[in-house]
Amino acid sequence: MIKKYWVFICMIISVILIVIAALAYPGGSLLDKNSVGFGWSKNFISNLFAVKAINGAKNPGRIWAILGMAFQSVGYGVFFINMSKKIALKLWANILKYIGFANILFIFLIATSYHDLGTISIVLTLLGLFIITLFVIKSKLHLLKFCCIICLLNYYCFFFLYGFSYLELAFIMQKVYSISSILLVLVLEYFTKYEDFVDIKSGVQKIKATNR
């Protein structure tokens, strides 16, 4: 029973721990070093992983943030591994499986001085969701098609805003894409099955047979 809801459990624990870390954050942001506490519209979540807050005070919330990200990495990792079992095309199934294992492995970097490398998991997560979106688009899961596209657009919007230094909007968009990604993962995990994607493989095989 616990195994079935492992992704859900990991995501919920992750969110709770990140909130605890935010409540313990002393203060300071890129826009105002003297601000008090963690502002969801003024700070990046990555600020929670620093030994010292931006205002120079020791950050007691760091350990909670690290644990929160660890649970999230496991949640995403297990999710991609489970989704790989629903994809009939072996190549793409293997890629999703490797992305899942890689996400889990990055947990060990988070707790070290190289924890910034853990952000690579964001890139892997985006790649995995992009691959899954392609399969969803080819399926009959019409509502999920819209949800997948919106989630990816949230990611791209954040990268655009951050890249062009629209920080005030980027702060907010980071939380938007994080929440939308978690919700999408939960829906895909518990409301999709192998049969939703098996016809995609059959379609490819028919095309190959026709070409022959």
# chains A, B, ... in the order shown; residues from 1 in each chain; ligands from 1
>>> closest_atom_pairs(of="segment 133-199 of chain A", to="segment 73-96 of chain A", cutoff="6 Å", atoms="only C-alpha atoms", output="Markdown table")
| residue | atom | partner | partner_atom | distance |
| --- | --- | --- | --- | --- |
| A:Lys193 | CA | A:Lys86 | CA | 6.0 |
| A:Tyr194 | CA | A:Lys86 | CA | 4.0 |
| A:Val198 | CA | A:Ala88 | CA | 5.5 |
>>> residues_around(residues="Phe158 of chain A", least_positions_apart="4", cutoff="12 Å", atoms="only C-alpha atoms", output="list of chain:residue names")
A:Phe44, A:Cys151, A:Leu152, A:Leu153, A:Asn154, A:Tyr162, A:Gly163, A:Phe164, A:Ser165, A:Tyr166, A:Leu167, A:Glu168, A:Leu169, A:Ala170, A:Phe171, A:Ile172, A:Met173, A:Gln174, A:Lys175, A:Val176, A:Tyr177, A:Ser178
>>> select_by_dssp(residues="segment 4-207 of chain A", states="strand (DSSP E or B)", output="VMD selection string")
chain A and resid 27 36 52 58
>>> closest_residue(among="A:Ala102, A:Leu67, A:Val185, A:Leu161", to="Thr133 of chain A", atoms="only C-alpha atoms")
A:Val185
>>> select_by_dssp(residues="segment 51-123 of chain A", states="helix (DSSP H, G or I)", output="PyMOL selection string")
chain A and resi 62-84+90-105+107-110+115-123
>>> write_last_selection(atoms="N, CA and C atoms", output="compact mmCIF listing (two decimals), in the first residue's frame")
# COMPACT_ATOMS: atom_id res chain seq x y z
N ARG A 62 18.03 25.61 6.60
CA ARG A 62 18.76 24.91 5.53
C ARG A 62 18.54 23.40 5.57
N ILE A 63 18.65 22.80 6.75
CA ILE A 63 18.52 21.35 6.86
C ILE A 63 17.14 20.89 6.41
N TRP A 64 16.10 21.67 6.72
CA TRP A 64 14.74 21.32 6.31
C TRP A 64 14.59 21.42 4.80
N ALA A 65 15.24 22.44 4.22
CA ALA A 65 15.19 22.61 2.76
C ALA A 65 15.88 21.45 2.05
N ILE A 66 17.03 21.03 2.59
CA ILE A 66 17.77 19.91 2.00
C ILE A 66 16.95 18.63 2.06
N LEU A 67 16.34 18.38 3.22
CA LEU A 67 15.50 17.19 3.37
C LEU A 67 14.28 17.26 2.44
N GLY A 68 13.72 18.45 2.32
CA GLY A 68 12.57 18.63 1.44
C GLY A 68 12.92 18.33 0.00
N MET A 69 14.07 18.82 -0.44
CA MET A 69 14.50 18.56 -1.81
C MET A 69 14.85 17.10 -2.02
N ALA A 70 15.37 16.46 -0.97
CA ALA A 70 15.70 15.03 -1.07
C ALA A 70 14.43 14.21 -1.30
N PHE A 71 13.39 14.50 -0.55
CA PHE A 71 12.12 13.78 -0.73
C PHE A 71 11.54 14.06 -2.11
N GLN A 72 11.68 15.30 -2.58
CA GLN A 72 11.16 15.66 -3.90
C GLN A 72 11.92 14.91 -4.99
N SER A 73 13.24 14.79 -4.83
CA SER A 73 14.04 14.06 -5.81
C SER A 73 13.63 12.60 -5.88
N VAL A 74 13.39 12.00 -4.70
CA VAL A 74 12.94 10.60 -4.67
C VAL A 74 11.57 10.48 -5.33
N GLY A 75 10.68 11.43 -5.02
CA GLY A 75 9.34 11.41 -5.60
C GLY A 75 9.38 11.48 -7.12
N TYR A 76 10.15 12.41 -7.65
CA TYR A 76 10.28 12.53 -9.11
C TYR A 76 10.95 11.29 -9.69
N GLY A 77 11.97 10.80 -8.99
CA GLY A 77 12.69 9.62 -9.48
C GLY A 77 11.78 8.42 -9.61
N VAL A 78 11.03 8.13 -8.55
CA VAL A 78 10.10 6.99 -8.57
C VAL A 78 9.02 7.20 -9.63
N PHE A 79 8.57 8.45 -9.78
CA PHE A 79 7.55 8.76 -10.78
C PHE A 79 8.03 8.42 -12.19
N PHE A 80 9.24 8.86 -12.55
CA PHE A 80 9.75 8.60 -13.89
C PHE A 80 9.99 7.11 -14.12
N ILE A 81 10.44 6.43 -13.09
CA ILE A 81 10.63 4.97 -13.20
C ILE A 81 9.29 4.29 -13.43
N ASN A 82 8.27 4.71 -12.69
CA ASN A 82 6.93 4.13 -12.87
C ASN A 82 6.35 4.45 -14.24
N MET A 83 6.57 5.69 -14.71
CA MET A 83 6.05 6.07 -16.03
C MET A 83 6.75 5.29 -17.14
N SER A 84 8.01 4.94 -16.93
CA SER A 84 8.74 4.17 -17.95
C SER A 84 8.08 2.81 -18.17
N LYS A 90 10.45 0.92 -26.11
CA LYS A 90 11.54 0.58 -25.20
C LYS A 90 12.57 1.70 -25.05
N LEU A 91 12.94 2.35 -26.17
CA LEU A 91 13.95 3.41 -26.13
C LEU A 91 13.54 4.53 -25.18
N TRP A 92 12.33 5.05 -25.36
CA TRP A 92 11.86 6.16 -24.54
C TRP A 92 11.58 5.71 -23.11
N ALA A 93 11.16 4.48 -22.96
CA ALA A 93 10.93 3.94 -21.62
C ALA A 93 12.25 3.89 -20.84
N ASN A 94 13.31 3.48 -21.51
CA ASN A 94 14.63 3.41 -20.86
C ASN A 94 15.14 4.80 -20.49
N ILE A 95 14.91 5.77 -21.38
CA ILE A 95 15.35 7.14 -21.09
C ILE A 95 14.65 7.66 -19.83
N LEU A 96 13.35 7.43 -19.74
CA LEU A 96 12.60 7.86 -18.56
C LEU A 96 13.10 7.15 -17.30
N LYS A 97 13.43 5.89 -17.45
CA LYS A 97 13.92 5.12 -16.30
C LYS A 97 15.26 5.67 -15.83
N TYR A 98 16.15 5.99 -16.77
CA TYR A 98 17.47 6.52 -16.41
C TYR A 98 17.34 7.91 -15.78
N ILE A 99 16.39 8.70 -16.29
CA ILE A 99 16.14 10.02 -15.70
C ILE A 99 15.67 9.85 -14.25
N GLY A 100 14.84 8.84 -14.02
CA GLY A 100 14.36 8.57 -12.68
C GLY A 100 15.48 8.21 -11.73
N PHE A 101 16.35 7.30 -12.14
CA PHE A 101 17.48 6.91 -11.30
C PHE A 101 18.44 8.08 -11.07
N ALA A 102 18.65 8.90 -12.11
CA ALA A 102 19.54 10.05 -11.99
C ALA A 102 19.00 11.05 -10.98
N ASN A 103 17.69 11.27 -10.99
CA ASN A 103 17.06 12.18 -10.04
C ASN A 103 17.31 11.72 -8.61
N ILE A 104 17.21 10.42 -8.38
CA ILE A 104 17.43 9.88 -7.04
C ILE A 104 18.89 10.02 -6.64
N LEU A 105 19.80 9.79 -7.57
CA LEU A 105 21.23 9.87 -7.27
C LEU A 105 21.66 11.28 -6.88
N ILE A 107 20.35 13.21 -4.96
CA ILE A 107 20.10 13.45 -3.54
C ILE A 107 21.42 13.56 -2.80
N PHE A 108 22.38 12.71 -3.16
CA PHE A 108 23.64 12.67 -2.44
C PHE A 108 24.46 13.94 -2.66
N LEU A 109 24.22 14.66 -3.72
CA LEU A 109 24.92 15.92 -3.97
C LEU A 109 24.33 17.05 -3.15
N ILE A 110 23.03 16.97 -2.88
CA ILE A 110 22.34 18.06 -2.18
C ILE A 110 22.93 18.30 -0.80
N HIS A 115 26.06 20.87 -3.56
CA HIS A 115 24.61 20.75 -3.64
C HIS A 115 24.00 21.57 -4.77
N ASP A 116 24.72 22.61 -5.24
CA ASP A 116 24.20 23.40 -6.36
C ASP A 116 24.06 22.55 -7.62
N LEU A 117 24.87 21.49 -7.72
CA LEU A 117 24.78 20.61 -8.88
C LEU A 117 23.46 19.86 -8.89
N GLY A 118 22.81 19.85 -7.73
CA GLY A 118 21.51 19.20 -7.65
C GLY A 118 20.48 19.85 -8.55
N THR A 119 20.76 21.09 -8.96
CA THR A 119 19.83 21.79 -9.85
C THR A 119 19.76 21.11 -11.22
N ILE A 120 20.74 20.24 -11.50
CA ILE A 120 20.70 19.49 -12.75
C ILE A 120 19.43 18.65 -12.80
N SER A 121 18.94 18.27 -11.63
CA SER A 121 17.72 17.46 -11.57
C SER A 121 16.54 18.21 -12.18
N ILE A 122 16.60 19.56 -12.12
CA ILE A 122 15.53 20.36 -12.72
C ILE A 122 15.52 20.16 -14.24
N VAL A 123 16.73 20.14 -14.83
CA VAL A 123 16.86 19.94 -16.27
C VAL A 123 16.37 18.55 -16.65
>>> closest_atom_pairs(of="segment 55-141 of chain A", to="segment 29-37 of chain A", cutoff="12 Å", atoms="only C-alpha atoms", output="JSON lines")
{"residue": "A:Asn55", "atom": "CA", "partner": "A:Lys33", "partner_atom": "CA", "distance": 5.2}
{"residue": "A:Gly56", "atom": "CA", "partner": "A:Lys33", "partner_atom": "CA", "distance": 8.6}
{"residue": "A:Ala57", "atom": "CA", "partner": "A:Asn34", "partner_atom": "CA", "distance": 10.6}
{"residue": "A:Asn59", "atom": "CA", "partner": "A:Gly37", "partner_atom": "CA", "distance": 10.5}
{"residue": "A:Pro60", "atom": "CA", "partner": "A:Gly37", "partner_atom": "CA", "distance": 11.8}
{"residue": "A:Gly61", "atom": "CA", "partner": "A:Gly37", "partner_atom": "CA", "distance": 10.9}
>>> atom_distance(atom1="atom CA of Phe197 of chain A", atom2="atom CA of Leu134 of chain A")
10.7 Å
>>> residues_around(residues="Phe38 of chain A", least_positions_apart="2", cutoff="9 Å", atoms="only C-alpha atoms", output="compact mmCIF listing (two decimals) with N, CA and C atoms, in the first residue's frame")
# COMPACT_ATOMS: atom_id res chain seq x y z
N ALA A 21 11.17 25.21 6.15
CA ALA A 21 12.44 25.88 5.87
C ALA A 21 12.22 27.37 5.60
N ALA A 22 11.15 27.67 4.88
CA ALA A 22 10.83 29.07 4.56
C ALA A 22 10.48 29.85 5.83
N LEU A 23 9.75 29.20 6.73
CA LEU A 23 9.36 29.87 7.98
C LEU A 23 10.58 30.14 8.87
N ALA A 24 11.62 29.30 8.72
CA ALA A 24 12.81 29.46 9.55
C ALA A 24 13.86 30.38 8.90
N TYR A 25 13.64 30.75 7.66
CA TYR A 25 14.61 31.59 6.93
C TYR A 25 14.68 32.98 7.57
N PRO A 26 15.89 33.45 7.97
CA PRO A 26 16.04 34.74 8.67
C PRO A 26 15.59 35.96 7.86
N GLY A 27 16.03 36.02 6.61
CA GLY A 27 15.64 37.17 5.78
C GLY A 27 16.68 37.55 4.76
N GLY A 28 16.30 38.51 3.94
CA GLY A 28 17.17 38.97 2.87
C GLY A 28 16.78 38.39 1.53
N SER A 29 16.78 39.24 0.51
CA SER A 29 16.49 38.79 -0.85
C SER A 29 17.38 39.53 -1.82
N SER A 35 15.37 42.66 4.12
CA SER A 35 14.00 42.18 4.31
C SER A 35 13.98 41.10 5.39
N VAL A 36 12.84 40.94 6.03
CA VAL A 36 12.69 39.98 7.12
C VAL A 36 11.95 38.74 6.63
N TRP A 40 7.66 34.63 -0.49
CA TRP A 40 7.39 33.72 -1.61
C TRP A 40 7.40 34.46 -2.94
N SER A 41 7.19 35.77 -2.90
CA SER A 41 7.22 36.57 -4.13
C SER A 41 8.49 37.43 -4.20
N LYS A 42 9.44 37.16 -3.28
CA LYS A 42 10.66 37.98 -3.23
C LYS A 42 11.94 37.14 -3.14
N ASN A 43 11.79 35.85 -2.91
CA ASN A 43 12.96 34.98 -2.80
C ASN A 43 12.85 33.78 -3.72
N PHE A 44 14.01 33.25 -4.13
CA PHE A 44 14.04 31.98 -4.84
C PHE A 44 14.12 30.87 -3.80
N ASN A 47 17.44 30.03 -2.18
CA ASN A 47 17.96 30.80 -1.05
C ASN A 47 17.89 29.99 0.25
N LEU A 48 16.98 29.04 0.31
CA LEU A 48 16.79 28.23 1.52
C LEU A 48 17.92 27.24 1.74
>>> closest_residue(among="A:Val51, A:Phe135, A:Ile179, A:Thr192", to="Ser14 of chain A", atoms="only C-alpha atoms")
A:Ile179
>>> closest_residue(among="A:Met11, A:Ile182, A:Cys157, A:Ile54", to="Leu129 of chain A", atoms="only C-alpha atoms")
A:Ile182
